[in-house]
>>> print(open('run.csv').read())   # CSV, C-alpha atoms
chain,number,residue,atom,x,y,z
A,1,MET,CA,-127.3,-10.0,-1.3
A,2,SER,CA,-129.3,-10.0,1.9
A,3,PHE,CA,-131.0,-12.6,4.0
A,4,THR,CA,-134.6,-12.7,4.9
A,5,VAL,CA,-135.7,-14.0,8.3
A,6,GLU,CA,-139.2,-15.3,9.0
A,7,PRO,CA,-140.2,-16.5,12.4
A,8,LEU,CA,-141.8,-19.9,12.7
A,9,ALA,CA,-142.0,-20.2,16.5
A,10,PRO,CA,-140.6,-18.1,19.4
A,11,ASP,CA,-137.3,-20.0,19.2
A,12,THR,CA,-137.3,-21.0,15.5
A,13,VAL,CA,-136.8,-19.1,12.3
A,14,VAL,CA,-136.4,-19.8,8.6
A,15,ILE,CA,-133.6,-17.8,6.8
A,16,ARG,CA,-134.1,-17.5,3.1
A,17,MET,CA,-130.5,-17.9,1.8
A,18,GLY,CA,-131.0,-16.2,-1.6
A,19,GLU,CA,-128.7,-16.8,-4.6
A,20,ALA,CA,-125.4,-17.2,-2.8
A,21,LEU,CA,-123.7,-17.7,0.5
A,22,ASP,CA,-120.0,-17.2,-0.2
A,23,PHE,CA,-116.9,-15.2,0.9
A,24,ARG,CA,-118.6,-12.0,-0.3
A,25,ASN,CA,-121.6,-12.1,2.0
A,26,ALA,CA,-120.7,-14.6,4.8
A,27,ASP,CA,-120.3,-11.8,7.3
A,28,ASP,CA,-123.8,-10.5,6.5
A,29,PHE,CA,-125.1,-14.0,7.2
A,30,LYS,CA,-123.3,-14.1,10.5
A,31,SER,CA,-124.7,-10.7,11.5
A,32,THR,CA,-128.2,-12.0,10.5
A,33,PHE,CA,-128.0,-15.2,12.6
A,34,GLN,CA,-126.3,-13.4,15.5
A,35,ASP,CA,-129.2,-11.0,15.8
A,36,GLN,CA,-131.5,-14.0,16.1
A,37,ILE,CA,-129.3,-15.8,18.6
A,38,ASP,CA,-129.3,-12.6,20.7
A,39,ALA,CA,-133.1,-12.7,20.6
A,40,ASP,CA,-133.0,-16.3,22.0
A,41,VAL,CA,-133.7,-18.1,18.7
A,42,ARG,CA,-132.1,-21.6,18.9
A,43,ASN,CA,-133.5,-23.4,15.8
A,44,PHE,CA,-132.7,-22.4,12.3
A,45,VAL,CA,-134.2,-23.6,9.0
A,46,LEU,CA,-132.0,-22.6,6.1
A,47,ASP,CA,-134.0,-22.4,2.9
A,48,PHE,CA,-131.6,-23.1,0.0
A,49,SER,CA,-134.2,-23.3,-2.8
A,50,LYS,CA,-132.7,-20.4,-4.7
A,51,THR,CA,-129.1,-20.8,-3.9
A,52,ALA,CA,-126.7,-21.3,-6.8
A,53,VAL,CA,-123.5,-20.8,-4.8
A,54,LEU,CA,-122.2,-22.2,-1.5
A,55,ASP,CA,-118.5,-22.0,-1.0
A,56,SER,CA,-116.1,-22.9,1.7
A,57,THR,CA,-116.4,-19.6,3.5
A,58,GLY,CA,-120.2,-19.8,3.4
A,59,LEU,CA,-120.1,-23.3,4.7
A,60,GLY,CA,-117.8,-22.1,7.5
A,61,SER,CA,-120.3,-19.5,8.5
A,62,ILE,CA,-122.9,-22.2,8.9
A,63,PHE,CA,-120.5,-24.2,11.0
A,64,SER,CA,-120.1,-21.0,13.2
A,65,LEU,CA,-123.8,-20.8,13.6
A,66,TYR,CA,-124.0,-24.5,14.6
A,67,ARG,CA,-121.2,-24.2,17.1
A,68,GLN,CA,-123.0,-21.3,18.9
A,69,ILE,CA,-126.4,-23.0,19.2
A,70,SER,CA,-125.6,-26.7,19.6
A,71,PRO,CA,-124.5,-26.3,23.3
A,72,ASP,CA,-128.1,-25.2,24.0
A,73,ASP,CA,-129.6,-28.1,22.0
A,74,GLY,CA,-130.3,-25.8,19.1
A,75,GLN,CA,-130.6,-27.2,15.6
A,76,VAL,CA,-129.7,-26.1,12.0
A,77,ALA,CA,-131.8,-27.8,9.3
A,78,PHE,CA,-131.3,-27.5,5.5
A,79,ALA,CA,-134.5,-27.2,3.5
A,80,ASP,CA,-135.2,-27.5,-0.3
A,81,VAL,CA,-131.5,-27.9,-1.0
A,82,SER,CA,-130.6,-26.9,-4.6
A,83,ARG,CA,-128.2,-29.0,-6.7
A,84,PRO,CA,-125.1,-26.8,-6.3
A,85,VAL,CA,-125.6,-26.8,-2.5
A,86,GLN,CA,-126.1,-30.5,-2.5
A,87,VAL,CA,-122.7,-31.0,-4.2
A,88,VAL,CA,-121.0,-29.2,-1.3
A,89,VAL,CA,-123.1,-31.0,1.3
A,90,GLN,CA,-122.2,-34.4,-0.1
A,91,LEU,CA,-118.6,-33.5,-0.7
A,92,THR,CA,-118.1,-32.5,3.0
A,93,ARG,CA,-120.5,-35.0,4.5
A,94,THR,CA,-122.2,-32.3,6.4
A,95,TYR,CA,-125.5,-34.1,6.1
A,96,LYS,CA,-124.3,-36.0,9.1
A,97,VAL,CA,-124.6,-32.8,11.2
A,98,PHE,CA,-127.4,-30.9,9.5
A,99,ARG,CA,-130.7,-32.6,8.9
A,100,GLN,CA,-132.1,-32.1,5.4
A,101,PHE,CA,-135.8,-31.7,4.5
A,102,PRO,CA,-137.5,-31.5,1.1
A,103,THR,CA,-139.4,-28.3,2.1
A,104,VAL,CA,-139.4,-25.6,4.7
A,105,ASP,CA,-142.8,-26.9,5.9
A,106,ALA,CA,-141.3,-30.3,6.5
A,107,ALA,CA,-138.4,-28.8,8.4
A,108,GLU,CA,-140.7,-26.7,10.5
A,109,ASP,CA,-142.9,-29.7,11.4
A,110,ALA,CA,-139.8,-31.7,12.5
A,111,LEU,CA,-138.2,-28.9,14.5
A,112,ILE,CA,-141.2,-27.5,16.2
A,113,SER,CA,-142.6,-31.0,17.2
A,114,ALA,CA,-139.2,-32.1,18.5
B,1,MET,CA,-118.2,-26.3,-27.8
B,2,ASN,CA,-115.6,-28.3,-26.0
B,3,GLY,CA,-114.5,-25.7,-23.5
B,4,ILE,CA,-114.2,-22.1,-22.4
B,5,THR,CA,-111.4,-19.7,-22.6
B,6,LYS,CA,-111.6,-16.3,-20.9
B,7,ARG,CA,-109.4,-13.5,-19.7
B,8,TYR,CA,-110.2,-11.1,-16.8
B,9,SER,CA,-108.7,-8.2,-14.8
B,10,ASP,CA,-111.8,-8.1,-12.5
B,11,LEU,CA,-111.7,-11.2,-10.4
B,12,GLU,CA,-115.1,-10.8,-8.9
B,13,ARG,CA,-116.6,-10.6,-12.4
B,14,ALA,CA,-114.6,-13.7,-13.3
B,15,ILE,CA,-116.1,-15.7,-10.5
B,16,ASP,CA,-119.7,-14.9,-11.5
B,17,GLU,CA,-119.2,-15.2,-15.3
B,18,VAL,CA,-117.3,-18.5,-15.2
B,19,ARG,CA,-120.0,-20.0,-13.1
B,20,ALA,CA,-122.6,-18.9,-15.6
B,21,LEU,CA,-120.6,-20.1,-18.5
B,22,LEU,CA,-120.2,-23.6,-17.0
B,23,ASP,CA,-124.0,-23.6,-16.2
B,24,ARG,CA,-124.7,-22.9,-19.8
B,25,TRP,CA,-122.3,-25.6,-20.9
B,26,SER,CA,-124.0,-28.1,-18.6
B,27,GLY,CA,-127.3,-27.3,-20.3
B,28,ARG,CA,-126.1,-27.9,-23.9
B,29,GLN,CA,-126.7,-30.9,-25.9
B,30,GLY,CA,-123.6,-32.1,-27.8
B,31,GLY,CA,-123.7,-31.8,-31.6
B,32,ALA,CA,-122.2,-34.4,-33.9
B,33,GLY,CA,-118.7,-35.1,-32.6
B,34,GLU,CA,-119.0,-32.5,-29.9
B,35,PRO,CA,-117.8,-33.8,-26.6
B,36,VAL,CA,-120.2,-33.2,-23.6
B,37,PRO,CA,-118.6,-33.2,-20.2
B,38,ASP,CA,-120.0,-35.2,-17.3
B,39,PRO,CA,-122.5,-33.0,-15.4
B,40,GLN,CA,-121.1,-33.9,-12.0
B,41,ALA,CA,-117.5,-33.1,-13.2
B,42,LEU,CA,-118.8,-29.7,-14.4
B,43,ARG,CA,-120.2,-29.0,-10.9
B,44,TYR,CA,-116.8,-29.9,-9.3
B,45,ALA,CA,-115.1,-27.6,-11.9
B,46,GLN,CA,-117.5,-24.8,-10.9
B,47,LEU,CA,-116.6,-25.3,-7.2
B,48,ILE,CA,-112.8,-25.5,-7.9
B,49,LEU,CA,-112.8,-22.4,-10.0
B,50,HIS,CA,-114.9,-20.5,-7.5
B,51,GLU,CA,-112.6,-21.4,-4.7
B,52,TRP,CA,-109.5,-20.7,-6.7
B,53,LEU,CA,-110.6,-17.3,-7.9
B,54,ALA,CA,-111.9,-16.4,-4.5
B,55,ASN,CA,-108.5,-17.4,-3.1
B,56,LEU,CA,-106.7,-15.1,-5.7
B,57,LEU,CA,-109.1,-12.3,-5.0
B,58,GLN,CA,-108.7,-12.4,-1.2
B,59,HIS,CA,-105.0,-13.5,-0.8
B,60,ALA,CA,-103.0,-13.0,-4.0
B,61,ARG,CA,-100.5,-10.2,-4.2
B,62,PHE,CA,-100.4,-8.4,-7.5
B,63,GLU,CA,-98.3,-5.5,-6.2
B,64,GLU,CA,-98.6,-2.6,-8.6
B,65,ARG,CA,-99.9,-4.8,-11.5
B,66,THR,CA,-103.5,-4.9,-12.7
B,67,PRO,CA,-104.6,-8.5,-12.3
B,68,ASP,CA,-104.4,-10.5,-15.5
B,69,VAL,CA,-106.1,-13.9,-15.1
B,70,ARG,CA,-106.7,-16.3,-17.9
B,71,ILE,CA,-109.0,-19.3,-17.6
B,72,ARG,CA,-109.4,-22.3,-19.7
B,73,VAL,CA,-111.5,-25.5,-19.2
B,74,ARG,CA,-111.7,-28.3,-21.7
B,75,THR,CA,-113.4,-31.7,-21.9
B,76,ASP,CA,-112.4,-34.9,-23.7
B,77,GLY,CA,-116.0,-36.0,-23.7
B,78,ALA,CA,-116.1,-37.2,-20.1
B,79,GLY,CA,-113.8,-35.6,-17.6
B,80,LEU,CA,-112.5,-32.1,-17.5
B,81,THR,CA,-109.1,-30.4,-17.4
B,82,GLY,CA,-108.5,-26.7,-16.7
B,83,TRP,CA,-106.0,-24.1,-15.9
B,84,VAL,CA,-105.9,-20.6,-14.5
B,85,THR,CA,-102.9,-18.4,-15.0
B,86,ASP,CA,-102.2,-15.2,-13.1
B,87,ASN,CA,-99.6,-12.5,-12.8
B,88,SER,CA,-99.5,-12.4,-9.0
B,89,THR,CA,-96.4,-13.1,-7.0
B,90,GLY,CA,-97.7,-16.7,-6.4
B,91,PHE,CA,-97.5,-18.9,-3.3
B,92,ASP,CA,-96.4,-22.3,-2.2
B,93,LEU,CA,-99.6,-24.4,-2.7
B,94,ALA,CA,-98.3,-27.5,-1.0
B,95,GLU,CA,-97.2,-25.5,2.1
B,96,ARG,CA,-100.5,-23.7,2.3
B,97,LEU,CA,-102.3,-27.0,2.1
B,98,ARG,CA,-100.2,-28.4,4.9
B,99,GLN,CA,-101.0,-25.4,7.0
B,100,GLN,CA,-104.7,-25.7,6.4
B,101,GLN,CA,-104.6,-29.4,7.2
B,102,SER,CA,-102.5,-29.0,10.3
B,103,ARG,CA,-104.6,-26.3,12.0
B,104,SER,CA,-108.0,-27.5,10.8
B,105,PRO,CA,-110.4,-28.1,13.7
B,106,SER,CA,-113.7,-30.0,13.4
B,107,LEU,CA,-116.3,-28.0,11.5
B,108,PRO,CA,-113.8,-25.2,10.7
B,109,GLU,CA,-114.9,-21.7,9.9
B,110,ARG,CA,-112.0,-20.9,7.6
B,111,GLY,CA,-109.3,-22.7,5.7
B,112,MET,CA,-111.4,-25.2,3.7
B,113,GLY,CA,-111.0,-23.7,0.2
B,114,LEU,CA,-107.8,-25.5,-0.9
B,115,ARG,CA,-109.0,-28.7,0.8
B,116,ILE,CA,-112.2,-28.6,-1.2
B,117,ILE,CA,-110.1,-28.1,-4.4
B,118,ARG,CA,-108.0,-31.1,-3.4
B,119,ALA,CA,-111.1,-33.2,-2.9
B,120,CYS,CA,-112.8,-32.2,-6.1
B,121,ALA,CA,-109.7,-32.6,-8.4
B,122,ALA,CA,-107.9,-35.9,-9.1
B,123,ASP,CA,-104.8,-33.9,-9.8
B,124,PHE,CA,-103.8,-30.3,-9.4
B,125,SER,CA,-100.8,-28.0,-9.1
B,126,TYR,CA,-99.7,-24.3,-9.0
B,127,ARG,CA,-96.4,-23.5,-10.5
B,128,GLN,CA,-94.5,-20.7,-12.2
B,129,ASP,CA,-94.3,-21.1,-16.0
B,130,GLU,CA,-91.6,-20.2,-18.4
B,131,ASN,CA,-93.0,-16.7,-18.8
B,132,GLY,CA,-92.9,-16.0,-15.0
B,133,ARG,CA,-96.7,-16.3,-14.7
B,134,TYR,CA,-98.3,-18.7,-12.2
B,135,ARG,CA,-100.4,-21.5,-13.5
B,136,PHE,CA,-103.0,-23.5,-11.5
B,137,THR,CA,-103.9,-26.7,-13.3
B,138,PHE,CA,-106.5,-29.3,-12.4
B,139,SER,CA,-108.2,-32.4,-13.8
B,140,ILE,CA,-111.4,-34.1,-12.9
B,141,PRO,CA,-112.2,-37.6,-14.2
B,142,ALA,CA,-115.9,-38.4,-15.1
B,143,ASP,CA,-116.1,-41.0,-12.3
B,144,HIS,CA,-114.6,-38.9,-9.6
B,145,ASP,CA,-116.1,-39.5,-6.2
B,146,PRO,CA,-114.6,-36.9,-3.9
B,147,TRP,CA,-115.1,-36.3,-0.2
B,148,LEU,CA,-113.6,-34.1,2.4
B,149,SER,CA,-113.7,-34.8,6.1
B,150,THR,CA,-114.8,-31.6,7.9
B,151,LEU,CA,-116.4,-33.4,10.7
B,152,PHE,CA,-113.7,-35.2,12.7
>>> encode(input="run.csv", output="structure tokens")
Amino acid sequence: MSFTVEPLAPDTVVIRMGEALDFRNADDFKSTFQDQIDADVRNFVLDFSKTAVLDSTGLGSIFSLYRQISPDDGQVAFADVSRPVQVVVQLTRTYKVFRQFPTVDAAEDALISA
Amino acid sequence: MNGITKRYSDLERAIDEVRALLDRWSGRQGGAGEPVPDPQALRYAQLILHEWLANLLQHARFEERTPDVRIRVRTDGAGLTGWVTDNSTGFDLAERLRQQQSRSPSLPERGMGLRIIRACAADFSYRQDENGRYRFTFSIPADHDPWLSTLF
């Protein structure tokens, strides 16, 4: 289970989250976003279109990303959120922190024009 | 079909198979007299079982024993009940929850698993049974509306 990163702008990327973000690959995700932060990326669009599993450890790794970039006015946006991910987002009320968009394109428009 | 019953020694396999089984159950149409669970309750059950099995896989002590985990989920036609028994040395669930609650910062990176289970289930417990095995039980009513504050 790996994560694919695509640049959208010099400081903005989309990460394709794949089938799962859970305790088994959360460290891989953290390595993936850390490489981007080290390269001065500050805005992250997380594409959850194919994601069937988001567990507490996976969500915690997203919180870790947010804590690192928010002091620099960075943003984490959720795009094309699948039903299993939406259950966790609603349960934990994290939609109050992470903006959600119906598509990656909509998230890109919002973040890059901000 | 009114439920699933499975037995595993490989907990990682259990996590993936149980999720797939509950997905298939969610997609079924009930036959005559066949109870169909509430779809949202099924999603909460998936999350509970994932978190519980992940908890066992990462933290349970089986000592020299091969893990023996038995899982059962049933519906009465609306809500769901389930249990997971294991042959680990067990732990004090209430104390572990108190620890998670007391040291949980805003937007925590760790320690949300049991709190998610508590939010998703109307009732749950983890106790040793008469055979010396540990049994985690949970129930989810059809109209359950859970939430967990991770933000403040």
>>> closest_residue(input="run.csv", among="A:Ile15, A:Leu46, A:Phe23, A:Lys96", to="Glu12 of chain B", atoms="all atoms listed in the file")
A:Phe23
>>> interface_residues(input="run.csv", of="chain A", to="chain B", cutoff="10 Å", atoms="all atoms listed in the file", output="ChimeraX atom specification")
/A:22-24,52-67,83-84,87-94,96-97
>>> atom_distance(input="run.csv", atom1="atom CA of Val104 of chain A", atom2="atom CA of Val81 of chain A")
10.0 Å
>>> residues_around(input="run.csv", residues="Ala79 of chain A", least_positions_apart="3", cutoff="7 Å", atoms="only C-alpha atoms", output="list of chain:residue names")
A:Val45, A:Leu46, A:Asp47, A:Phe48, A:Gln100, A:Phe101, A:Pro102, A:Thr103, A:Val104, A:Ala107
>>> closest_residue(input="run.csv", among="B:Asp76, B:Asp123, B:Glu17, B:Glu95", to="Asn2 of chain B", atoms="only C-alpha atoms")
B:Asp76
>>> atom_distance(input="run.csv", atom1="atom CA of Phe138 of chain B", atom2="atom CA of Leu21 of chain B")
17.9 Å
>>> residues_around(input="run.csv", residues="Val5 of chain A", least_positions_apart="4", cutoff="12 Å", atoms="all atoms listed in the file", output="CSV table (one decimal) with C-alpha atoms, in the frame of the given file")
chain,number,residue,atom,x,y,z
A,12,THR,CA,-137.3,-21.0,15.5
A,13,VAL,CA,-136.8,-19.1,12.3
A,14,VAL,CA,-136.4,-19.8,8.6
A,15,ILE,CA,-133.6,-17.8,6.8
A,16,ARG,CA,-134.1,-17.5,3.1
A,17,MET,CA,-130.5,-17.9,1.8
A,18,GLY,CA,-131.0,-16.2,-1.6
A,29,PHE,CA,-125.1,-14.0,7.2
A,31,SER,CA,-124.7,-10.7,11.5
A,32,THR,CA,-128.2,-12.0,10.5
A,33,PHE,CA,-128.0,-15.2,12.6
A,34,GLN,CA,-126.3,-13.4,15.5
A,35,ASP,CA,-129.2,-11.0,15.8
A,36,GLN,CA,-131.5,-14.0,16.1
A,41,VAL,CA,-133.7,-18.1,18.7
A,44,PHE,CA,-132.7,-22.4,12.3
A,45,VAL,CA,-134.2,-23.6,9.0
A,46,LEU,CA,-132.0,-22.6,6.1
A,47,ASP,CA,-134.0,-22.4,2.9
>>> atom_distance(input="run.csv", atom1="atom CA of Ile112 of chain A", atom2="atom CA of Leu8 of chain A")
8.4 Å
>>> residues_around(input="run.csv", residues="Leu57 of chain B", least_positions_apart="2", cutoff="12 Å", atoms="all atoms listed in the file", output="CSV table (one decimal) with C-alpha atoms, in the frame of the given file")
chain,number,residue,atom,x,y,z
A,23,PHE,CA,-116.9,-15.2,0.9
A,24,ARG,CA,-118.6,-12.0,-0.3
B,8,TYR,CA,-110.2,-11.1,-16.8
B,9,SER,CA,-108.7,-8.2,-14.8
B,10,ASP,CA,-111.8,-8.1,-12.5
B,11,LEU,CA,-111.7,-11.2,-10.4
B,12,GLU,CA,-115.1,-10.8,-8.9
B,13,ARG,CA,-116.6,-10.6,-12.4
B,14,ALA,CA,-114.6,-13.7,-13.3
B,15,ILE,CA,-116.1,-15.7,-10.5
B,49,LEU,CA,-112.8,-22.4,-10.0
B,50,HIS,CA,-114.9,-20.5,-7.5
B,51,GLU,CA,-112.6,-21.4,-4.7
B,52,TRP,CA,-109.5,-20.7,-6.7
B,53,LEU,CA,-110.6,-17.3,-7.9
B,54,ALA,CA,-111.9,-16.4,-4.5
B,55,ASN,CA,-108.5,-17.4,-3.1
B,59,HIS,CA,-105.0,-13.5,-0.8
B,60,ALA,CA,-103.0,-13.0,-4.0
B,61,ARG,CA,-100.5,-10.2,-4.2
B,62,PHE,CA,-100.4,-8.4,-7.5
B,67,PRO,CA,-104.6,-8.5,-12.3
B,68,ASP,CA,-104.4,-10.5,-15.5
B,69,VAL,CA,-106.1,-13.9,-15.1
B,86,ASP,CA,-102.2,-15.2,-13.1
B,88,SER,CA,-99.5,-12.4,-9.0
>>> decode(input="run.csv", residues="segment 23-56 of chain A", atoms="N, CA and C atoms", output="PDB file, in the first residue's frame")
ATOM      1  N   PHE A  23      -3.424   1.517  10.658  1.00  0.00           N
ATOM      2  CA  PHE A  23      -2.226   1.296  11.481  1.00  0.00           C
ATOM      3  C   PHE A  23      -1.129   0.572  10.724  1.00  0.00           C
ATOM      4  N   ARG A  24      -1.468  -0.067   9.616  1.00  0.00           N
ATOM      5  CA  ARG A  24      -0.465  -0.827   8.880  1.00  0.00           C
ATOM      6  C   ARG A  24       0.358   0.036   7.939  1.00  0.00           C
ATOM      7  N   ASN A  25      -0.160   1.185   7.511  1.00  0.00           N
ATOM      8  CA  ASN A  25       0.607   2.007   6.563  1.00  0.00           C
ATOM      9  C   ASN A  25       0.662   3.486   6.960  1.00  0.00           C
ATOM     10  N   ALA A  26       0.252   3.807   8.180  1.00  0.00           N
ATOM     11  CA  ALA A  26       0.279   5.218   8.608  1.00  0.00           C
ATOM     12  C   ALA A  26       1.709   5.764   8.599  1.00  0.00           C
ATOM     13  N   ASP A  27       2.696   4.932   8.950  1.00  0.00           N
ATOM     14  CA  ASP A  27       4.085   5.415   8.923  1.00  0.00           C
ATOM     15  C   ASP A  27       4.537   5.716   7.493  1.00  0.00           C
ATOM     16  N   ASP A  28       4.066   4.927   6.524  1.00  0.00           N
ATOM     17  CA  ASP A  28       4.390   5.215   5.118  1.00  0.00           C
ATOM     18  C   ASP A  28       3.793   6.560   4.702  1.00  0.00           C
ATOM     19  N   PHE A  29       2.568   6.799   5.150  1.00  0.00           N
ATOM     20  CA  PHE A  29       1.936   8.077   4.826  1.00  0.00           C
ATOM     21  C   PHE A  29       2.726   9.238   5.438  1.00  0.00           C
ATOM     22  N   LYS A  30       3.160   9.056   6.685  1.00  0.00           N
ATOM     23  CA  LYS A  30       3.913  10.121   7.342  1.00  0.00           C
ATOM     24  C   LYS A  30       5.232  10.385   6.621  1.00  0.00           C
ATOM     25  N   SER A  31       5.900   9.344   6.157  1.00  0.00           N
ATOM     26  CA  SER A  31       7.128   9.536   5.380  1.00  0.00           C
ATOM     27  C   SER A  31       6.829  10.278   4.080  1.00  0.00           C
ATOM     28  N   THR A  32       5.684   9.910   3.477  1.00  0.00           N
ATOM     29  CA  THR A  32       5.306  10.552   2.207  1.00  0.00           C
ATOM     30  C   THR A  32       5.078  12.050   2.396  1.00  0.00           C
ATOM     31  N   PHE A  33       4.294  12.417   3.421  1.00  0.00           N
ATOM     32  CA  PHE A  33       4.021  13.862   3.557  1.00  0.00           C
ATOM     33  C   PHE A  33       5.240  14.604   4.117  1.00  0.00           C
ATOM     34  N   GLN A  34       6.082  13.903   4.904  1.00  0.00           N
ATOM     35  CA  GLN A  34       7.267  14.590   5.441  1.00  0.00           C
ATOM     36  C   GLN A  34       8.223  15.003   4.321  1.00  0.00           C
ATOM     37  N   ASP A  35       8.365  14.126   3.310  1.00  0.00           N
ATOM     38  CA  ASP A  35       9.213  14.478   2.163  1.00  0.00           C
ATOM     39  C   ASP A  35       8.698  15.748   1.491  1.00  0.00           C
ATOM     40  N   GLN A  36       7.377  15.870   1.407  1.00  0.00           N
ATOM     41  CA  GLN A  36       6.791  17.055   0.765  1.00  0.00           C
ATOM     42  C   GLN A  36       6.985  18.305   1.628  1.00  0.00           C
ATOM     43  N   ILE A  37       6.785  18.169   2.927  1.00  0.00           N
ATOM     44  CA  ILE A  37       6.992  19.317   3.823  1.00  0.00           C
ATOM     45  C   ILE A  37       8.444  19.782   3.751  1.00  0.00           C
ATOM     46  N   ASP A  38       9.349  18.822   3.697  1.00  0.00           N
ATOM     47  CA  ASP A  38      10.777  19.177   3.596  1.00  0.00           C
ATOM     48  C   ASP A  38      11.077  19.904   2.287  1.00  0.00           C
ATOM     49  N   ALA A  39      10.217  19.680   1.270  1.00  0.00           N
ATOM     50  CA  ALA A  39      10.386  20.369  -0.022  1.00  0.00           C
ATOM     51  C   ALA A  39       9.513  21.623  -0.095  1.00  0.00           C
ATOM     52  N   ASP A  40       9.069  22.122   1.058  1.00  0.00           N
ATOM     53  CA  ASP A  40       8.322  23.380   1.186  1.00  0.00           C
ATOM     54  C   ASP A  40       6.887  23.323   0.676  1.00  0.00           C
ATOM     55  N   VAL A  41       6.338  22.132   0.548  1.00  0.00           N
ATOM     56  CA  VAL A  41       4.905  22.020   0.248  1.00  0.00           C
ATOM     57  C   VAL A  41       4.128  22.345   1.521  1.00  0.00           C
ATOM     58  N   ARG A  42       3.078  23.128   1.392  1.00  0.00           N
ATOM     59  CA  ARG A  42       2.295  23.518   2.569  1.00  0.00           C
ATOM     60  C   ARG A  42       0.808  23.199   2.432  1.00  0.00           C
ATOM     61  N   ASN A  43       0.343  22.927   1.247  1.00  0.00           N
ATOM     62  CA  ASN A  43      -1.074  22.602   1.044  1.00  0.00           C
ATOM     63  C   ASN A  43      -1.204  21.177   0.496  1.00  0.00           C
ATOM     64  N   PHE A  44      -2.092  20.421   1.129  1.00  0.00           N
ATOM     65  CA  PHE A  44      -2.253  19.005   0.783  1.00  0.00           C
ATOM     66  C   PHE A  44      -3.719  18.703   0.480  1.00  0.00           C
ATOM     67  N   VAL A  45      -3.956  18.159  -0.704  1.00  0.00           N
ATOM     68  CA  VAL A  45      -5.276  17.637  -1.045  1.00  0.00           C
ATOM     69  C   VAL A  45      -5.188  16.113  -0.925  1.00  0.00           C
ATOM     70  N   LEU A  46      -6.027  15.552  -0.063  1.00  0.00           N
ATOM     71  CA  LEU A  46      -6.021  14.098   0.120  1.00  0.00           C
ATOM     72  C   LEU A  46      -7.203  13.516  -0.651  1.00  0.00           C
ATOM     73  N   ASP A  47      -6.874  12.715  -1.654  1.00  0.00           N
ATOM     74  CA  ASP A  47      -7.900  12.115  -2.517  1.00  0.00           C
ATOM     75  C   ASP A  47      -8.328  10.777  -1.920  1.00  0.00           C
ATOM     76  N   PHE A  48      -9.555  10.744  -1.380  1.00  0.00           N
ATOM     77  CA  PHE A  48     -10.065   9.542  -0.716  1.00  0.00           C
ATOM     78  C   PHE A  48     -11.050   8.769  -1.597  1.00  0.00           C
ATOM     79  N   SER A  49     -10.990   8.971  -2.890  1.00  0.00           N
ATOM     80  CA  SER A  49     -12.005   8.363  -3.757  1.00  0.00           C
ATOM     81  C   SER A  49     -11.981   6.834  -3.717  1.00  0.00           C
ATOM     82  N   LYS A  50     -10.827   6.245  -3.489  1.00  0.00           N
ATOM     83  CA  LYS A  50     -10.717   4.774  -3.514  1.00  0.00           C
ATOM     84  C   LYS A  50     -10.492   4.177  -2.128  1.00  0.00           C
ATOM     85  N   THR A  51     -10.728   4.966  -1.100  1.00  0.00           N
ATOM     86  CA  THR A  51     -10.347   4.539   0.243  1.00  0.00           C
ATOM     87  C   THR A  51     -11.489   3.827   0.961  1.00  0.00           C
ATOM     88  N   ALA A  52     -11.267   2.563   1.270  1.00  0.00           N
ATOM     89  CA  ALA A  52     -12.278   1.769   1.972  1.00  0.00           C
ATOM     90  C   ALA A  52     -12.058   1.742   3.474  1.00  0.00           C
ATOM     91  N   VAL A  53     -10.854   2.099   3.921  1.00  0.00           N
ATOM     92  CA  VAL A  53     -10.541   2.021   5.355  1.00  0.00           C
ATOM     93  C   VAL A  53      -9.810   3.280   5.802  1.00  0.00           C
ATOM     94  N   LEU A  54     -10.348   3.931   6.829  1.00  0.00           N
ATOM     95  CA  LEU A  54      -9.610   4.962   7.569  1.00  0.00           C
ATOM     96  C   LEU A  54      -9.830   4.650   9.034  1.00  0.00           C
ATOM     97  N   ASP A  55      -8.752   4.323   9.738  1.00  0.00           N
ATOM     98  CA  ASP A  55      -8.921   3.994  11.153  1.00  0.00           C
ATOM     99  C   ASP A  55      -8.322   5.086  12.034  1.00  0.00           C
ATOM    100  N   SER A  56      -8.321   4.847  13.346  1.00  0.00           N
ATOM    101  CA  SER A  56      -7.889   5.887  14.284  1.00  0.00           C
ATOM    102  C   SER A  56      -6.418   6.246  14.091  1.00  0.00           C
TER     103      SER A  56
END
